[in-house]
$ cat structure-v7.pdb   # PDB, N, CA and C atoms and all ligand atoms
ATOM      1  N   MET C  46     -28.724   9.853   1.524
ATOM      2  CA  MET C  46     -27.498  10.647   1.349
ATOM      3  C   MET C  46     -26.790  10.287   0.048
ATOM      4  N   GLN C  47     -27.563   9.935  -0.952
ATOM      5  CA  GLN C  47     -27.051   9.607  -2.278
ATOM      6  C   GLN C  47     -26.108  10.699  -2.787
ATOM      7  N   GLY C  48     -26.447  11.956  -2.478
ATOM      8  CA  GLY C  48     -25.697  13.099  -2.989
ATOM      9  C   GLY C  48     -24.277  13.197  -2.474
ATOM     10  N   ASN C  49     -23.974  12.520  -1.394
ATOM     11  CA  ASN C  49     -22.633  12.621  -0.836
ATOM     12  C   ASN C  49     -21.773  11.413  -1.152
ATOM     13  N   LYS C  50     -22.180  10.682  -2.172
ATOM     14  CA  LYS C  50     -21.392   9.517  -2.543
ATOM     15  C   LYS C  50     -20.961   9.607  -3.993
ATOM     16  N   THR C  51     -19.869   8.938  -4.292
ATOM     17  CA  THR C  51     -19.401   8.863  -5.670
ATOM     18  C   THR C  51     -19.329   7.395  -6.047
ATOM     19  N   PHE C  52     -19.902   7.064  -7.190
ATOM     20  CA  PHE C  52     -19.924   5.673  -7.624
ATOM     21  C   PHE C  52     -18.933   5.461  -8.770
ATOM     22  N   ILE C  53     -18.198   4.391  -8.691
ATOM     23  CA  ILE C  53     -17.320   4.025  -9.808
ATOM     24  C   ILE C  53     -17.913   2.767 -10.427
ATOM     25  N   ARG C  54     -18.501   2.943 -11.597
ATOM     26  CA  ARG C  54     -19.276   1.854 -12.179
ATOM     27  C   ARG C  54     -18.426   0.840 -12.941
ATOM     28  N   ASN C  55     -17.248   1.249 -13.368
ATOM     29  CA  ASN C  55     -16.430   0.297 -14.143
ATOM     30  C   ASN C  55     -15.419  -0.431 -13.261
ATOM     31  N   MET C  56     -15.785  -0.609 -11.995
ATOM     32  CA  MET C  56     -14.898  -1.298 -11.064
ATOM     33  C   MET C  56     -14.434  -2.646 -11.584
ATOM     34  N   ALA C  57     -15.364  -3.427 -12.166
ATOM     35  CA  ALA C  57     -15.012  -4.773 -12.618
ATOM     36  C   ALA C  57     -13.954  -4.717 -13.714
ATOM     37  N   GLN C  58     -14.083  -3.756 -14.637
ATOM     38  CA  GLN C  58     -13.086  -3.631 -15.705
ATOM     39  C   GLN C  58     -11.728  -3.232 -15.141
ATOM     40  N   ILE C  59     -11.758  -2.302 -14.203
ATOM     41  CA  ILE C  59     -10.499  -1.861 -13.591
ATOM     42  C   ILE C  59      -9.829  -3.042 -12.892
ATOM     43  N   ALA C  60     -10.614  -3.774 -12.116
ATOM     44  CA  ALA C  60     -10.064  -4.900 -11.356
ATOM     45  C   ALA C  60      -9.531  -5.981 -12.303
ATOM     46  N   ASP C  61     -10.256  -6.219 -13.377
ATOM     47  CA  ASP C  61      -9.838  -7.205 -14.379
ATOM     48  C   ASP C  61      -8.524  -6.822 -15.016
ATOM     49  N   LYS C  62      -8.469  -5.560 -15.426
ATOM     50  CA  LYS C  62      -7.301  -5.047 -16.117
ATOM     51  C   LYS C  62      -6.090  -5.081 -15.187
ATOM     52  N   ALA C  63      -6.317  -4.754 -13.927
ATOM     53  CA  ALA C  63      -5.225  -4.713 -12.962
ATOM     54  C   ALA C  63      -4.905  -6.100 -12.421
ATOM     55  N   ARG C  64      -5.813  -7.039 -12.635
ATOM     56  CA  ARG C  64      -5.698  -8.370 -12.047
ATOM     57  C   ARG C  64      -5.568  -8.277 -10.518
ATOM     58  N   ARG C  65      -6.366  -7.407  -9.955
ATOM     59  CA  ARG C  65      -6.409  -7.277  -8.501
ATOM     60  C   ARG C  65      -7.860  -7.469  -8.060
ATOM     61  N   ALA C  66      -8.031  -7.830  -6.812
ATOM     62  CA  ALA C  66      -9.385  -7.974  -6.268
ATOM     63  C   ALA C  66     -10.017  -6.590  -6.122
ATOM     64  N   PRO C  67     -11.314  -6.467  -6.412
ATOM     65  CA  PRO C  67     -11.990  -5.188  -6.189
ATOM     66  C   PRO C  67     -11.746  -4.655  -4.780
ATOM     67  N   SER C  68     -11.664  -5.549  -3.805
ATOM     68  CA  SER C  68     -11.446  -5.089  -2.427
ATOM     69  C   SER C  68     -10.065  -4.442  -2.262
ATOM     70  N   ASP C  69      -9.073  -4.880  -3.054
ATOM     71  CA  ASP C  69      -7.745  -4.249  -3.008
ATOM     72  C   ASP C  69      -7.812  -2.823  -3.537
ATOM     73  N   ILE C  70      -8.569  -2.658  -4.610
ATOM     74  CA  ILE C  70      -8.696  -1.340  -5.219
ATOM     75  C   ILE C  70      -9.504  -0.423  -4.300
ATOM     76  N   ALA C  71     -10.512  -0.984  -3.663
ATOM     77  CA  ALA C  71     -11.299  -0.207  -2.703
ATOM     78  C   ALA C  71     -10.401   0.284  -1.573
ATOM     79  N   ARG C  72      -9.545  -0.592  -1.097
ATOM     80  CA  ARG C  72      -8.669  -0.231   0.019
ATOM     81  C   ARG C  72      -7.690   0.878  -0.399
ATOM     82  N   TYR C  73      -7.170   0.754  -1.607
ATOM     83  CA  TYR C  73      -6.249   1.771  -2.114
ATOM     84  C   TYR C  73      -6.938   3.136  -2.212
ATOM     85  N   LEU C  74      -8.108   3.145  -2.828
ATOM     86  CA  LEU C  74      -8.819   4.421  -3.024
ATOM     87  C   LEU C  74      -9.241   5.019  -1.688
ATOM     88  N   SER C  75      -9.583   4.154  -0.762
ATOM     89  CA  SER C  75      -9.953   4.607   0.563
ATOM     90  C   SER C  75      -8.795   5.365   1.207
ATOM     91  N   LYS C  76      -7.592   4.816   1.041
ATOM     92  CA  LYS C  76      -6.393   5.454   1.579
ATOM     93  C   LYS C  76      -6.111   6.767   0.862
ATOM     94  N   GLU C  77      -6.194   6.756  -0.452
ATOM     95  CA  GLU C  77      -5.900   7.947  -1.257
ATOM     96  C   GLU C  77      -6.856   9.101  -0.953
ATOM     97  N   PHE C  78      -8.131   8.785  -0.855
ATOM     98  CA  PHE C  78      -9.120   9.836  -0.675
ATOM     99  C   PHE C  78      -9.413  10.106   0.801
ATOM    100  N   GLY C  79      -8.960   9.218   1.672
ATOM    101  CA  GLY C  79      -9.188   9.419   3.095
ATOM    102  C   GLY C  79     -10.641   9.268   3.518
ATOM    103  N   VAL C  80     -11.386   8.453   2.782
ATOM    104  CA  VAL C  80     -12.786   8.196   3.135
ATOM    105  C   VAL C  80     -13.054   6.700   3.006
ATOM    106  N   PRO C  81     -14.107   6.220   3.682
ATOM    107  CA  PRO C  81     -14.465   4.805   3.507
ATOM    108  C   PRO C  81     -14.904   4.540   2.066
ATOM    109  N   VAL C  82     -14.502   3.385   1.544
ATOM    110  CA  VAL C  82     -14.921   2.972   0.196
ATOM    111  C   VAL C  82     -15.517   1.580   0.301
ATOM    112  N   GLY C  83     -16.727   1.428  -0.184
ATOM    113  CA  GLY C  83     -17.385   0.135  -0.131
ATOM    114  C   GLY C  83     -17.628  -0.427  -1.517
ATOM    115  N   ILE C  84     -18.154  -1.626  -1.556
ATOM    116  CA  ILE C  84     -18.510  -2.266  -2.817
ATOM    117  C   ILE C  84     -19.997  -2.594  -2.754
ATOM    118  N   GLU C  85     -20.699  -2.160  -3.782
ATOM    119  CA  GLU C  85     -22.153  -2.288  -3.784
ATOM    120  C   GLU C  85     -22.582  -2.586  -5.208
ATOM    121  N   ASP C  86     -23.250  -3.687  -5.444
ATOM    122  CA  ASP C  86     -23.756  -3.989  -6.790
ATOM    123  C   ASP C  86     -22.708  -3.790  -7.879
ATOM    124  N   GLN C  87     -21.526  -4.366  -7.707
ATOM    125  CA  GLN C  87     -20.494  -4.270  -8.750
ATOM    126  C   GLN C  87     -19.951  -2.864  -8.950
ATOM    127  N   ARG C  88     -20.198  -2.002  -7.983
ATOM    128  CA  ARG C  88     -19.653  -0.648  -8.078
ATOM    129  C   ARG C  88     -18.857  -0.360  -6.820
ATOM    130  N   LEU C  89     -17.876   0.545  -6.970
ATOM    131  CA  LEU C  89     -17.210   1.073  -5.796
ATOM    132  C   LEU C  89     -17.982   2.303  -5.352
ATOM    133  N   VAL C  90     -18.152   2.422  -4.072
ATOM    134  CA  VAL C  90     -18.881   3.566  -3.529
ATOM    135  C   VAL C  90     -17.959   4.335  -2.595
ATOM    136  N   LEU C  91     -17.642   5.559  -2.992
ATOM    137  CA  LEU C  91     -16.803   6.419  -2.166
ATOM    138  C   LEU C  91     -17.698   7.306  -1.327
ATOM    139  N   ASN C  92     -17.350   7.398  -0.072
ATOM    140  CA  ASN C  92     -18.139   8.199   0.850
ATOM    141  C   ASN C  92     -17.714   9.659   0.736
ATOM    142  N   GLY C  93     -18.253  10.351  -0.243
ATOM    143  CA  GLY C  93     -17.888  11.741  -0.485
ATOM    144  C   GLY C  93     -18.007  12.036  -1.956
ATOM    145  N   LYS C  94     -17.940  13.317  -2.307
ATOM    146  CA  LYS C  94     -18.066  13.723  -3.707
ATOM    147  C   LYS C  94     -16.683  13.941  -4.304
ATOM    148  N   PHE C  95     -16.377  13.216  -5.360
ATOM    149  CA  PHE C  95     -15.090  13.380  -6.027
ATOM    150  C   PHE C  95     -15.307  13.461  -7.531
ATOM    151  N   SER C  96     -14.469  14.234  -8.185
ATOM    152  CA  SER C  96     -14.642  14.402  -9.633
ATOM    153  C   SER C  96     -14.056  13.209 -10.373
ATOM    154  N   ASN C  97     -14.558  12.988 -11.584
ATOM    155  CA  ASN C  97     -14.030  11.911 -12.426
ATOM    156  C   ASN C  97     -12.538  12.062 -12.641
ATOM    157  N   ASP C  98     -12.118  13.316 -12.808
ATOM    158  CA  ASP C  98     -10.703  13.605 -13.028
ATOM    159  C   ASP C  98      -9.840  13.083 -11.893
ATOM    160  N   ASP C  99     -10.298  13.408 -10.682
ATOM    161  CA  ASP C  99      -9.603  12.993  -9.477
ATOM    162  C   ASP C  99      -9.493  11.477  -9.408
ATOM    163  N   ILE C 100     -10.597  10.833  -9.697
ATOM    164  CA  ILE C 100     -10.641   9.379  -9.609
ATOM    165  C   ILE C 100      -9.743   8.765 -10.669
ATOM    166  N   GLU C 101      -9.826   9.311 -11.883
ATOM    167  CA  GLU C 101      -8.996   8.785 -12.966
ATOM    168  C   GLU C 101      -7.522   8.893 -12.637
ATOM    169  N   LYS C 102      -7.145  10.041 -12.079
ATOM    170  CA  LYS C 102      -5.747  10.264 -11.713
ATOM    171  C   LYS C 102      -5.281   9.220 -10.715
ATOM    172  N   ARG C 103      -6.122   8.963  -9.718
ATOM    173  CA  ARG C 103      -5.786   7.994  -8.674
ATOM    174  C   ARG C 103      -5.692   6.584  -9.236
ATOM    175  N   VAL C 104      -6.636   6.242 -10.092
ATOM    176  CA  VAL C 104      -6.622   4.895 -10.666
ATOM    177  C   VAL C 104      -5.389   4.733 -11.563
ATOM    178  N   HIS C 105      -5.085   5.788 -12.296
ATOM    179  CA  HIS C 105      -3.896   5.783 -13.153
ATOM    180  C   HIS C 105      -2.641   5.552 -12.320
ATOM    181  N   ARG C 106      -2.568   6.243 -11.205
ATOM    182  CA  ARG C 106      -1.416   6.118 -10.320
ATOM    183  C   ARG C 106      -1.332   4.694  -9.747
ATOM    184  N   TYR C 107      -2.494   4.142  -9.455
ATOM    185  CA  TYR C 107      -2.516   2.766  -8.947
ATOM    186  C   TYR C 107      -1.843   1.831  -9.950
ATOM    187  N   PHE C 108      -2.207   1.988 -11.213
ATOM    188  CA  PHE C 108      -1.599   1.151 -12.249
ATOM    189  C   PHE C 108      -0.102   1.408 -12.349
ATOM    190  N   ASP C 109       0.278   2.681 -12.340
ATOM    191  CA  ASP C 109       1.690   3.038 -12.464
ATOM    192  C   ASP C 109       2.529   2.396 -11.374
ATOM    193  N   VAL C 110       2.023   2.466 -10.155
ATOM    194  CA  VAL C 110       2.844   2.050  -9.015
ATOM    195  C   VAL C 110       2.640   0.580  -8.664
ATOM    196  N   TYR C 111       1.394   0.124  -8.706
ATOM    197  CA  TYR C 111       1.087  -1.187  -8.130
ATOM    198  C   TYR C 111       0.764  -2.267  -9.158
ATOM    199  N   VAL C 112       0.724  -1.911 -10.431
ATOM    200  CA  VAL C 112       0.359  -2.910 -11.439
ATOM    201  C   VAL C 112       1.424  -3.044 -12.532
ATOM    202  N   ILE C 113       1.834  -1.915 -13.097
ATOM    203  CA  ILE C 113       2.756  -1.957 -14.234
ATOM    204  C   ILE C 113       4.184  -2.193 -13.737
ATOM    205  N   CYS C 114       4.835  -3.189 -14.316
ATOM    206  CA  CYS C 114       6.229  -3.485 -13.955
ATOM    207  C   CYS C 114       7.133  -2.347 -14.410
ATOM    208  N   ARG C 115       7.955  -1.837 -13.499
ATOM    209  CA  ARG C 115       8.786  -0.694 -13.890
ATOM    210  C   ARG C 115      10.003  -1.141 -14.702
ATOM    211  N   GLU C 116      10.255  -2.441 -14.743
ATOM    212  CA  GLU C 116      11.366  -2.935 -15.561
ATOM    213  C   GLU C 116      10.941  -3.106 -17.017
ATOM    214  N   CYS C 117       9.803  -3.756 -17.249
ATOM    215  CA  CYS C 117       9.424  -4.091 -18.625
ATOM    216  C   CYS C 117       8.123  -3.416 -19.068
ATOM    217  N   GLY C 118       7.436  -2.754 -18.154
ATOM    218  CA  GLY C 118       6.238  -2.006 -18.544
ATOM    219  C   GLY C 118       5.001  -2.852 -18.773
ATOM    220  N   LYS C 119       5.072  -4.133 -18.411
ATOM    221  CA  LYS C 119       3.899  -4.985 -18.604
ATOM    222  C   LYS C 119       3.056  -5.066 -17.327
ATOM    223  N   PRO C 120       1.769  -5.343 -17.496
ATOM    224  CA  PRO C 120       0.896  -5.394 -16.323
ATOM    225  C   PRO C 120       0.734  -6.798 -15.739
ATOM    226  N   ASP C 121       1.577  -7.739 -16.161
ATOM    227  CA  ASP C 121       1.424  -9.131 -15.700
ATOM    228  C   ASP C 121       2.130  -9.321 -14.372
ATOM    229  N   THR C 122       1.584  -8.700 -13.342
ATOM    230  CA  THR C 122       2.274  -8.703 -12.052
ATOM    231  C   THR C 122       1.326  -9.120 -10.937
ATOM    232  N   HIS C 123       1.906  -9.483  -9.821
ATOM    233  CA  HIS C 123       1.098  -9.612  -8.620
ATOM    234  C   HIS C 123       1.879  -9.045  -7.434
ATOM    235  N   LEU C 124       1.153  -8.821  -6.349
ATOM    236  CA  LEU C 124       1.773  -8.250  -5.159
ATOM    237  C   LEU C 124       1.894  -9.320  -4.093
ATOM    238  N   GLU C 125       3.020  -9.281  -3.393
ATOM    239  CA  GLU C 125       3.167 -10.152  -2.227
ATOM    240  C   GLU C 125       3.369  -9.255  -1.026
ATOM    241  N   ASN C 126       2.727  -9.615   0.039
ATOM    242  CA  ASN C 126       2.904  -8.840   1.253
ATOM    243  C   ASN C 126       4.304  -9.085   1.799
ATOM    244  N   ALA C 127       5.065  -8.032   1.959
ATOM    245  CA  ALA C 127       6.437  -8.188   2.420
ATOM    246  C   ALA C 127       6.566  -7.838   3.900
ATOM    247  N   GLY C 128       5.467  -7.443   4.520
ATOM    248  CA  GLY C 128       5.521  -7.059   5.927
ATOM    249  C   GLY C 128       6.091  -5.664   6.105
ATOM    250  N   ARG C 129       6.041  -5.158   7.309
ATOM    251  CA  ARG C 129       6.567  -3.832   7.642
ATOM    252  C   ARG C 129       6.142  -2.756   6.645
ATOM    253  N   GLY C 130       4.880  -2.811   6.242
ATOM    254  CA  GLY C 130       4.344  -1.762   5.383
ATOM    255  C   GLY C 130       4.829  -1.809   3.946
ATOM    256  N   MET C 131       5.327  -2.965   3.520
ATOM    257  CA  MET C 131       5.833  -3.084   2.152
ATOM    258  C   MET C 131       5.160  -4.228   1.396
ATOM    259  N   PHE C 132       5.129  -4.063   0.074
ATOM    260  CA  PHE C 132       4.781  -5.151  -0.833
ATOM    261  C   PHE C 132       6.005  -5.503  -1.645
ATOM    262  N   PHE C 133       6.029  -6.717  -2.164
ATOM    263  CA  PHE C 133       6.887  -7.001  -3.300
ATOM    264  C   PHE C 133       5.998  -6.997  -4.526
ATOM    265  N   LEU C 134       6.400  -6.280  -5.552
ATOM    266  CA  LEU C 134       5.737  -6.409  -6.839
ATOM    267  C   LEU C 134       6.533  -7.443  -7.622
ATOM    268  N   VAL C 135       5.852  -8.493  -8.056
ATOM    269  CA  VAL C 135       6.515  -9.574  -8.770
ATOM    270  C   VAL C 135       5.990  -9.601 -10.196
ATOM    271  N   CYS C 136       6.887  -9.493 -11.165
ATOM    272  CA  CYS C 136       6.485  -9.471 -12.566
ATOM    273  C   CYS C 136       6.600 -10.870 -13.152
ATOM    274  N   GLU C 137       5.485 -11.338 -13.695
ATOM    275  CA  GLU C 137       5.486 -12.681 -14.269
ATOM    276  C   GLU C 137       5.994 -12.672 -15.707
ATOM    277  N   ALA C 138       6.109 -11.490 -16.284
ATOM    278  CA  ALA C 138       6.600 -11.389 -17.656
ATOM    279  C   ALA C 138       8.123 -11.412 -17.697
ATOM    280  N   CYS C 139       8.770 -10.634 -16.846
ATOM    281  CA  CYS C 139      10.243 -10.526 -16.935
ATOM    282  C   CYS C 139      10.946 -11.019 -15.679
ATOM    283  N   GLY C 140      10.176 -11.366 -14.638
ATOM    284  CA  GLY C 140      10.802 -11.911 -13.435
ATOM    285  C   GLY C 140      11.298 -10.861 -12.456
ATOM    286  N   ALA C 141      11.091  -9.604 -12.757
ATOM    287  CA  ALA C 141      11.525  -8.555 -11.824
ATOM    288  C   ALA C 141      10.762  -8.697 -10.510
ATOM    289  N   ARG C 142      11.405  -8.248  -9.455
ATOM    290  CA  ARG C 142      10.778  -8.294  -8.140
ATOM    291  C   ARG C 142      11.366  -7.159  -7.326
ATOM    292  N   TYR C 143      10.518  -6.268  -6.873
ATOM    293  CA  TYR C 143      11.032  -5.140  -6.105
ATOM    294  C   TYR C 143      10.027  -4.693  -5.060
ATOM    295  N   GLY C 144      10.525  -4.028  -4.061
ATOM    296  CA  GLY C 144       9.692  -3.585  -2.943
ATOM    297  C   GLY C 144       9.020  -2.250  -3.245
ATOM    298  N   ILE C 145       7.748  -2.155  -2.878
ATOM    299  CA  ILE C 145       7.050  -0.869  -2.933
ATOM    300  C   ILE C 145       6.266  -0.723  -1.644
ATOM    301  N   LYS C 146       5.946   0.520  -1.355
ATOM    302  CA  LYS C 146       5.237   0.815  -0.120
ATOM    303  C   LYS C 146       3.826   0.240  -0.164
ATOM    304  N   ASN C 147       3.416  -0.400   0.880
ATOM    305  CA  ASN C 147       2.023  -0.855   1.001
ATOM    306  C   ASN C 147       1.114   0.352   1.153
ATOM    307  N   TYR C 148      -0.135   0.192   0.812
ATOM    308  CA  TYR C 148      -1.070   1.315   0.975
ATOM    309  C   TYR C 148      -2.111   0.992   2.012
TER     310      TYR C 148
HETATM  311 ZN    ZN E   1       8.472  -7.007 -15.906
END

$ encode --input "structure-v7.pdb" --output "structure tokens" --more "lines below"
Ligand SMILES: [Zn+2]
Amino acid sequence: MQGNKTFIRNMAQIADKARRAPSDIARYLSKEFGVPVGIEDQRLVLNGKFSNDDIEKRVHRYFDVYVICRECGKPDTHLENAGRGMFFLVCEACGARYGIKNY
């Protein structure tokens, strides 16, 4: 069923750039696309056919919301689980800390 899957080959670069675990990105995309997402040979595997455009948009949004600090615009952040469906995004560059919805 190769034809019904979409592979994201630059997963490692995305994860590096975002400073997030590949499994975090898999979980996010799984939620966004509503399909299971696995990791196979350094690639993300989406269970379904999706266009590059769609994927790029989603990955871009991930950075906007979950990586880039909205105070200073830098990507030097990490997430803390805040419970009740929330994260804290903590910026190591400017010290900002704010709640965002968990995915
Ligand atoms: Zn910041």

$ atom_distance --input "structure-v7.pdb" --atom1 "atom C of Lys50 in chain C" --atom2 "CA of Phe108 in chain C"
22.7 Å

$ residues_near_ligand --input "structure-v7.pdb" --ligand "ligand ZN 1 (chain E)" --cutoff "6.5 Å" --atoms "all atoms listed in the file" --output "ChimeraX atom specification"
/C:114-119,136-141

$ closest_residue --input "structure-v7.pdb" --among "C:Val82, C:Val90, C:Ile145, C:Ala60" --to "Val110 in chain C" --atoms "only N, CA and C atoms"
C:Ile145

$ resolve_selection --input "structure-v7.pdb" --expression "the PyMOL selection byres (((chain C and resi 146 and name CA) around 8) and not hetatm and name CA)" --output "list in words"
Gly130, Met131, Phe132, Gly144, Ile145, Asn147 and Tyr148 of chain C

$ atom_distance --input "structure-v7.pdb" --atom1 "atom N of Glu77 in chain C" --atom2 "atom C of Arg103 in chain C"
8.8 Å

$ closest_residue --input "structure-v7.pdb" --among "C:Arg129, C:Arg54, C:Arg64, C:Lys102" --to "Leu89 in chain C" --atoms "only N, CA and C atoms"
C:Arg54

$ resolve_selection --input "structure-v7.pdb" --expression "the PyMOL selection byres (((chain C and resi 122) around 5) and not hetatm)" --output "PDB file with N, CA and C atoms, keeping the file's coordinate frame"
ATOM      1  N   PRO C 120       1.769  -5.343 -17.496  1.00  0.00           N
ATOM      2  CA  PRO C 120       0.896  -5.394 -16.323  1.00  0.00           C
ATOM      3  C   PRO C 120       0.734  -6.798 -15.739  1.00  0.00           C
ATOM      4  N   ASP C 121       1.577  -7.739 -16.161  1.00  0.00           N
ATOM      5  CA  ASP C 121       1.424  -9.131 -15.700  1.00  0.00           C
ATOM      6  C   ASP C 121       2.130  -9.321 -14.372  1.00  0.00           C
ATOM      7  N   HIS C 123       1.906  -9.483  -9.821  1.00  0.00           N
ATOM      8  CA  HIS C 123       1.098  -9.612  -8.620  1.00  0.00           C
ATOM      9  C   HIS C 123       1.879  -9.045  -7.434  1.00  0.00           C
ATOM     10  N   LEU C 124       1.153  -8.821  -6.349  1.00  0.00           N
ATOM     11  CA  LEU C 124       1.773  -8.250  -5.159  1.00  0.00           C
ATOM     12  C   LEU C 124       1.894  -9.320  -4.093  1.00  0.00           C
ATOM     13  N   VAL C 135       5.852  -8.493  -8.056  1.00  0.00           N
ATOM     14  CA  VAL C 135       6.515  -9.574  -8.770  1.00  0.00           C
ATOM     15  C   VAL C 135       5.990  -9.601 -10.196  1.00  0.00           C
ATOM     16  N   CYS C 136       6.887  -9.493 -11.165  1.00  0.00           N
ATOM     17  CA  CYS C 136       6.485  -9.471 -12.566  1.00  0.00           C
ATOM     18  C   CYS C 136       6.600 -10.870 -13.152  1.00  0.00           C
ATOM     19  N   GLU C 137       5.485 -11.338 -13.695  1.00  0.00           N
ATOM     20  CA  GLU C 137       5.486 -12.681 -14.269  1.00  0.00           C
ATOM     21  C   GLU C 137       5.994 -12.672 -15.707  1.00  0.00           C
TER      22      GLU C 137
END

$ select_by_dssp --input "structure-v7.pdb" --residues "chain C" --states "alpha helix (DSSP H)" --output "JSON, numbers by chain"
{"C": [56, 57, 58, 59, 60, 61, 62, 63, 67, 68, 69, 70, 71, 72, 73, 74, 75, 76, 77, 78, 97, 98, 99, 100, 101, 102, 103, 104, 105, 106, 107]}

$ atom_distance --input "structure-v7.pdb" --atom1 "CA of Gly128 in chain C" --atom2 "CA of Leu91 in chain C"
27.3 Å

$ residues_around --input "structure-v7.pdb" --residues "Val80 in chain C" --least-positions-apart "5" --cutoff "7 Å" --atoms "all atoms listed in the file" --output "ChimeraX atom specification"
/C:74-75,91-93

$ decode --input "structure-v7.pdb" --residues "range 99-137 of chain C" --atoms "C-alpha atoms" --output "PDB file, in the first residue's frame"
ATOM      1  CA  ASP C  99      -0.418  20.889   2.529  1.00  0.00           C
ATOM      2  CA  ILE C 100       2.488  19.486   4.464  1.00  0.00           C
ATOM      3  CA  GLU C 101       4.540  22.650   4.133  1.00  0.00           C
ATOM      4  CA  LYS C 102       1.650  24.738   5.397  1.00  0.00           C
ATOM      5  CA  ARG C 103       1.246  22.499   8.432  1.00  0.00           C
ATOM      6  CA  VAL C 104       4.941  22.447   9.218  1.00  0.00           C
ATOM      7  CA  HIS C 105       5.057  26.220   8.828  1.00  0.00           C
ATOM      8  CA  ARG C 106       2.177  26.563  11.252  1.00  0.00           C
ATOM      9  CA  TYR C 107       3.945  24.272  13.693  1.00  0.00           C
ATOM     10  CA  PHE C 108       6.899  26.643  13.725  1.00  0.00           C
ATOM     11  CA  ASP C 109       4.670  29.704  14.017  1.00  0.00           C
ATOM     12  CA  VAL C 110       2.730  28.397  16.972  1.00  0.00           C
ATOM     13  CA  TYR C 111       4.951  25.898  18.754  1.00  0.00           C
ATOM     14  CA  VAL C 112       8.522  26.959  17.996  1.00  0.00           C
ATOM     15  CA  ILE C 113       8.901  30.668  17.240  1.00  0.00           C
ATOM     16  CA  CYS C 114       8.635  32.955  20.269  1.00  0.00           C
ATOM     17  CA  ARG C 115       5.842  35.441  19.676  1.00  0.00           C
ATOM     18  CA  GLU C 116       7.624  38.044  21.803  1.00  0.00           C
ATOM     19  CA  CYS C 117      11.043  38.109  20.128  1.00  0.00           C
ATOM     20  CA  GLY C 118      10.599  35.938  17.030  1.00  0.00           C
ATOM     21  CA  LYS C 119      13.446  33.586  17.871  1.00  0.00           C
ATOM     22  CA  PRO C 120      13.225  29.804  17.681  1.00  0.00           C
ATOM     23  CA  ASP C 121      15.213  29.165  20.886  1.00  0.00           C
ATOM     24  CA  THR C 122      12.271  27.763  22.782  1.00  0.00           C
ATOM     25  CA  HIS C 123      11.049  24.648  24.452  1.00  0.00           C
ATOM     26  CA  LEU C 124       7.645  23.390  25.509  1.00  0.00           C
ATOM     27  CA  GLU C 125       6.591  22.409  28.985  1.00  0.00           C
ATOM     28  CA  ASN C 126       3.514  20.391  29.595  1.00  0.00           C
ATOM     29  CA  ALA C 127       1.155  22.604  31.548  1.00  0.00           C
ATOM     30  CA  GLY C 128      -1.600  20.023  31.956  1.00  0.00           C
ATOM     31  CA  ARG C 129      -5.270  20.428  31.057  1.00  0.00           C
ATOM     32  CA  GLY C 130      -4.498  20.391  27.351  1.00  0.00           C
ATOM     33  CA  MET C 131      -1.977  23.224  27.511  1.00  0.00           C
ATOM     34  CA  PHE C 132       1.724  23.775  26.981  1.00  0.00           C
ATOM     35  CA  PHE C 133       3.911  26.546  28.202  1.00  0.00           C
ATOM     36  CA  LEU C 134       6.179  27.836  25.484  1.00  0.00           C
ATOM     37  CA  VAL C 135       9.352  29.005  27.192  1.00  0.00           C
ATOM     38  CA  CYS C 136      11.758  31.238  25.282  1.00  0.00           C
ATOM     39  CA  GLU C 137      15.394  30.865  26.199  1.00  0.00           C
TER      40      GLU C 137
END
